[in-house]
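This is start-v3.pdb (PDB, C-alpha atoms, pLDDT in the B column).
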```pdb
ATOM      1  CA  MET H 239     155.899 -33.399 105.851  1.00 62.00           C
ATOM      2  CA  ASN H 240     156.779 -32.973 102.169  1.00 71.00           C
ATOM      3  CA  ILE H 241     157.720 -29.328 102.719  1.00 77.00           C
ATOM      4  CA  ALA H 242     159.930 -30.316 105.663  1.00 74.00           C
ATOM      5  CA  ALA H 243     161.703 -32.877 103.495  1.00 76.00           C
ATOM      6  CA  ALA H 244     162.138 -30.286 100.742  1.00 74.00           C
ATOM      7  CA  VAL H 245     163.879 -27.739 102.992  1.00 78.00           C
ATOM      8  CA  VAL H 246     166.056 -30.081 105.101  1.00 78.00           C
ATOM      9  CA  HIS H 247     169.098 -29.389 102.884  1.00 81.00           C
ATOM     10  CA  ASP H 248     168.430 -25.593 102.963  1.00 82.00           C
ATOM     11  CA  PRO H 249     167.851 -24.955  99.229  1.00 86.00           C
ATOM     12  CA  GLU H 250     167.656 -21.429  97.814  1.00 88.00           C
ATOM     13  CA  LEU H 251     164.974 -22.541  95.325  1.00 91.00           C
ATOM     14  CA  LEU H 252     161.881 -24.612  96.112  1.00 92.00           C
ATOM     15  CA  LEU H 253     159.552 -26.126  93.497  1.00 92.00           C
ATOM     16  CA  LEU H 254     156.111 -26.766  94.995  1.00 92.00           C
ATOM     17  CA  ASP H 255     153.600 -28.470  92.699  1.00 93.00           C
ATOM     18  CA  GLU H 256     150.061 -27.973  94.043  1.00 93.00           C
ATOM     19  CA  PRO H 257     151.012 -28.679  97.679  1.00 92.00           C
ATOM     20  CA  THR H 258     147.490 -28.028  99.018  1.00 92.00           C
ATOM     21  CA  VAL H 259     145.548 -30.457  96.825  1.00 92.00           C
ATOM     22  CA  GLY H 260     143.517 -32.858  98.942  1.00 91.00           C
ATOM     23  CA  VAL H 261     144.341 -31.363 102.337  1.00 92.00           C
ATOM     24  CA  ASP H 262     141.904 -30.090 104.930  1.00 94.00           C
ATOM     25  CA  PRO H 263     141.482 -26.306 105.432  1.00 93.00           C
ATOM     26  CA  GLN H 264     143.506 -26.204 108.655  1.00 94.00           C
ATOM     27  CA  SER H 265     146.437 -28.029 107.043  1.00 92.00           C
ATOM     28  CA  ARG H 266     146.137 -25.794 103.992  1.00 93.00           C
ATOM     29  CA  ASN H 267     146.533 -22.696 106.151  1.00 94.00           C
ATOM     30  CA  SER H 268     149.520 -24.274 107.886  1.00 93.00           C
ATOM     31  CA  ILE H 269     151.126 -24.923 104.485  1.00 93.00           C
ATOM     32  CA  PHE H 270     150.504 -21.288 103.506  1.00 94.00           C
ATOM     33  CA  ASP H 271     152.136 -20.076 106.732  1.00 94.00           C
ATOM     34  CA  SER H 272     155.153 -22.299 106.105  1.00 92.00           C
ATOM     35  CA  ILE H 273     155.532 -21.061 102.532  1.00 93.00           C
ATOM     36  CA  LEU H 274     155.282 -17.417 103.593  1.00 94.00           C
ATOM     37  CA  GLU H 275     157.918 -17.982 106.284  1.00 93.00           C
ATOM     38  CA  LEU H 276     160.250 -19.636 103.777  1.00 92.00           C
ATOM     39  CA  HIS H 277     159.783 -16.633 101.477  1.00 93.00           C
ATOM     40  CA  ARG H 278     160.558 -14.228 104.361  1.00 94.00           C
ATOM     41  CA  GLN H 279     163.794 -16.184 104.875  1.00 92.00           C
ATOM     42  CA  GLY H 280     164.818 -15.280 101.329  1.00 92.00           C
ATOM     43  CA  ARG H 281     164.047 -18.489  99.475  1.00 92.00           C
ATOM     44  CA  THR H 282     162.752 -18.373  95.922  1.00 94.00           C
ATOM     45  CA  ILE H 283     159.609 -20.467  95.533  1.00 94.00           C
ATOM     46  CA  ILE H 284     158.036 -21.640  92.303  1.00 94.00           C
ATOM     47  CA  TYR H 285     154.470 -22.569  93.210  1.00 94.00           C
ATOM     48  CA  THR H 286     152.006 -24.240  90.844  1.00 95.00           C
ATOM     49  CA  THR H 287     148.272 -24.070  91.503  1.00 94.00           C
ATOM     50  CA  HIS H 288     144.906 -24.016  89.787  1.00 92.00           C
ATOM     51  CA  TYR H 289     143.514 -21.789  92.562  1.00 91.00           C
ATOM     52  CA  MET H 290     143.886 -18.067  91.886  1.00 87.00           C
ATOM     53  CA  GLU H 291     143.207 -17.198  95.541  1.00 89.00           C
ATOM     54  CA  GLU H 292     146.347 -19.169  96.447  1.00 93.00           C
ATOM     55  CA  ALA H 293     148.401 -17.330  93.828  1.00 93.00           C
ATOM     56  CA  GLU H 294     147.013 -14.026  95.089  1.00 91.00           C
ATOM     57  CA  ARG H 295     147.884 -14.865  98.703  1.00 92.00           C
ATOM     58  CA  LEU H 296     151.338 -16.365  98.142  1.00 94.00           C
ATOM     59  CA  CYS H 297     152.919 -15.023  94.972  1.00 95.00           C
ATOM     60  CA  ASP H 298     154.754 -11.816  94.125  1.00 94.00           C
ATOM     61  CA  ARG H 299     154.569 -12.621  90.414  1.00 95.00           C
ATOM     62  CA  ILE H 300     152.108 -14.880  88.601  1.00 96.00           C
ATOM     63  CA  ALA H 301     152.602 -16.756  85.345  1.00 95.00           C
ATOM     64  CA  ILE H 302     149.601 -18.065  83.430  1.00 94.00           C
ATOM     65  CA  VAL H 303     150.604 -21.217  81.545  1.00 93.00           C
ATOM     66  CA  ASP H 304     148.397 -23.279  79.231  1.00 94.00           C
ATOM     67  CA  ALA H 305     149.520 -26.378  77.339  1.00 94.00           C
ATOM     68  CA  GLY H 306     153.130 -25.566  78.183  1.00 93.00           C
ATOM     69  CA  LYS H 307     152.969 -22.029  76.781  1.00 96.00           C
ATOM     70  CA  LEU H 308     153.460 -18.903  78.856  1.00 95.00           C
ATOM     71  CA  LEU H 309     150.416 -16.720  78.205  1.00 95.00           C
ATOM     72  CA  ALA H 310     150.986 -13.949  80.742  1.00 95.00           C
ATOM     73  CA  LEU H 311     153.437 -12.941  83.470  1.00 96.00           C
ATOM     74  CA  GLY H 312     153.281 -10.163  86.044  1.00 96.00           C
ATOM     75  CA  THR H 313     152.042  -9.099  89.435  1.00 94.00           C
ATOM     76  CA  LEU H 314     148.382  -9.685  90.265  1.00 89.00           C
ATOM     77  CA  ASN H 315     147.592  -6.013  89.674  1.00 88.00           C
ATOM     78  CA  GLU H 316     149.459  -5.994  86.358  1.00 92.00           C
ATOM     79  CA  LEU H 317     147.590  -9.081  85.155  1.00 91.00           C
ATOM     80  CA  LEU H 318     144.229  -7.689  86.247  1.00 86.00           C
ATOM     81  CA  ALA H 319     144.935  -4.343  84.584  1.00 84.00           C
ATOM     82  CA  THR H 320     146.020  -6.008  81.347  1.00 88.00           C
ATOM     83  CA  HIS H 321     143.643  -8.970  81.162  1.00 84.00           C
ATOM     84  CA  GLY H 322     140.985  -8.709  83.838  1.00 80.00           C
ATOM     85  CA  GLY H 323     139.303  -5.400  83.381  1.00 73.00           C
ATOM     86  CA  PRO H 324     137.672  -3.590  86.270  1.00 73.00           C
ATOM     87  CA  PRO H 325     135.636  -5.525  88.838  1.00 79.00           C
ATOM     88  CA  THR H 326     132.025  -5.801  87.682  1.00 84.00           C
ATOM     89  CA  LEU H 327     128.988  -6.448  89.854  1.00 86.00           C
ATOM     90  CA  ILE H 328     126.206  -8.230  87.944  1.00 87.00           C
ATOM     91  CA  VAL H 329     122.730  -8.177  89.470  1.00 86.00           C
ATOM     92  CA  LYS H 330     119.939 -10.112  87.770  1.00 85.00           C
ATOM     93  CA  THR H 331     116.433  -9.246  88.904  1.00 81.00           C
ATOM     94  CA  ASN H 332     113.257 -10.723  87.435  1.00 83.00           C
ATOM     95  CA  GLY H 333     114.958 -11.402  84.123  1.00 84.00           C
ATOM     96  CA  SER H 334     116.760  -8.075  83.745  1.00 87.00           C
ATOM     97  CA  GLU H 335     120.481  -7.654  84.254  1.00 88.00           C
ATOM     98  CA  GLN H 336     122.351  -4.679  85.670  1.00 85.00           C
ATOM     99  CA  ARG H 337     126.162  -4.479  85.305  1.00 87.00           C
ATOM    100  CA  THR H 338     128.128  -2.015  87.411  1.00 87.00           C
ATOM    101  CA  GLN H 339     131.881  -1.547  87.400  1.00 86.00           C
ATOM    102  CA  THR H 340     132.920  -0.949  91.002  1.00 85.00           C
ATOM    103  CA  ALA H 341     135.927  -1.232  93.281  1.00 81.00           C
ATOM    104  CA  ASP H 342     133.597  -2.115  96.187  1.00 84.00           C
ATOM    105  CA  PRO H 343     130.976  -4.699  95.074  1.00 83.00           C
ATOM    106  CA  LEU H 344     129.477  -5.091  98.568  1.00 85.00           C
ATOM    107  CA  ALA H 345     128.866  -1.357  98.985  1.00 88.00           C
ATOM    108  CA  GLU H 346     127.378  -1.187  95.500  1.00 87.00           C
ATOM    109  CA  LEU H 347     125.135  -4.181  96.222  1.00 85.00           C
ATOM    110  CA  ASN H 348     123.934  -2.519  99.430  1.00 87.00           C
ATOM    111  CA  ARG H 349     123.214   0.689  97.486  1.00 86.00           C
ATOM    112  CA  ILE H 350     121.226  -1.242  94.860  1.00 82.00           C
ATOM    113  CA  ALA H 351     119.342  -3.248  97.506  1.00 82.00           C
ATOM    114  CA  SER H 352     118.402  -0.149  99.503  1.00 85.00           C
ATOM    115  CA  SER H 353     117.007   1.590  96.397  1.00 82.00           C
ATOM    116  CA  SER H 354     115.091  -1.431  95.073  1.00 73.00           C
ATOM    117  CA  PRO H 355     111.410  -2.000  95.880  1.00 68.00           C
ATOM    118  CA  ARG H 356     110.816  -5.002  98.120  1.00 62.00           C
ATOM    119  CA  SER H 357     108.546  -7.838  97.000  1.00 52.00           C
ATOM    120  CA  GLU H 358     108.003 -11.396  98.195  1.00 48.00           C
ATOM    121  CA  GLU H 359     107.900 -12.470  94.548  1.00 48.00           C
ATOM    122  CA  HIS H 360     111.173 -10.668  93.879  1.00 48.00           C
ATOM    123  CA  THR H 361     113.976 -13.021  92.856  1.00 49.00           C
ATOM    124  CA  SER H 362     117.535 -12.119  92.104  1.00 54.00           C
ATOM    125  CA  GLU H 363     120.855 -13.708  91.281  1.00 56.00           C
ATOM    126  CA  LEU H 364     124.224 -12.139  92.089  1.00 55.00           C
ATOM    127  CA  GLN H 365     127.580 -12.603  90.379  1.00 57.00           C
ATOM    128  CA  SER H 366     130.845 -10.753  90.846  1.00 56.00           C
ATOM    129  CA  ARG H 367     133.717 -10.856  88.366  1.00 57.00           C
TER     130      ARG H 367
END
```

Exercise: express the given structure as structure tokens:
Amino acid sequence: MNIAAAVVHDPELLLLDEPTVGVDPQSRNSIFDSILELHRQGRTIIYTTHYMEEAERLCDRIAIVDAGKLLALGTLNELLATHGGPPTLIVKTNGSEQRTQTADPLAELNRIASSSPRSEEHTSELQSR
């Protein structure tokens, strides 16, 4: 409803401040669809969020702001190349840690799992960055 009220006068620029906070997943997806359609229509949208997956899905350019200061600005790939480093799969097994830089963490995890000995006492923890 808030998005409908915001576009009723056909603005070229929309300011959306965390429009998905507190909504259910189905409504969230509907909001995303509406925002993408507005963008396809040529509107400029400034979208604030704390959720990087939303920025990745919706934004052509991303600004990282902290305490009112612009820390970084660019496309997702530019920001990752400059600040994120390559994706790293971290596998912890029985107290040891293995770090692998990989573009495909799932394939790498499958490779590691297929080459590891199986044990009922075997415990592991997985992280991906």

So what do you get for CA of Leu344 (chain H) versus CA of Thr326 (chain H), distance-wise? 11.2 Å

Take the PyMOL selection byres ((chain H and resi 337) around 10), run it mentally on this structure, and tell me the resulting residues as a count of residues only. 12

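Distances to Gly312 (chain H) were evaluated for H:Pro324, H:Asp298, H:Ala345, H:Gln279 using only C-alpha atoms, and the minimum falls at H:Asp298.
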
Record the distance separating CA of Ser353 (chain H) and CA of Thr331 (chain H), expressed in Å with one decimal. 13.2 Å

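Residues matched by the PyMOL selection byres ((chain H and resi 294) around 12) in this file: Phe270, Tyr285, Thr287, His288, Tyr289, Met290, Glu291, Glu292, Ala293, Arg295, Leu296, Cys297, Asp298, Arg299, Ile300, Ala301, Gly312, Thr313, Leu314, Asn315, Leu317 and Leu318 of chain H.
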
Could you name the residues that touch region 245-255 of chain H at 8 Å or less, counting all atoms listed in the file, but leaving out those on the same chain fewer than 4 positions away, as a ChimeraX atom specification? /H:241,280-287

How would the residues just picked look written out with C-alpha atoms as a CSV table (one decimal), keeping the file's coordinate frame?
```csv
chain,number,residue,atom,x,y,z
H,241,ILE,CA,157.7,-29.3,102.7
H,280,GLY,CA,164.8,-15.3,101.3
H,281,ARG,CA,164.0,-18.5,99.5
H,282,THR,CA,162.8,-18.4,95.9
H,283,ILE,CA,159.6,-20.5,95.5
H,284,ILE,CA,158.0,-21.6,92.3
H,285,TYR,CA,154.5,-22.6,93.2
H,286,THR,CA,152.0,-24.2,90.8
H,287,THR,CA,148.3,-24.1,91.5
```

Do you have the CA of Ile302 (chain H)-CA of Gly323 (chain H) distance handy? 16.3 Å
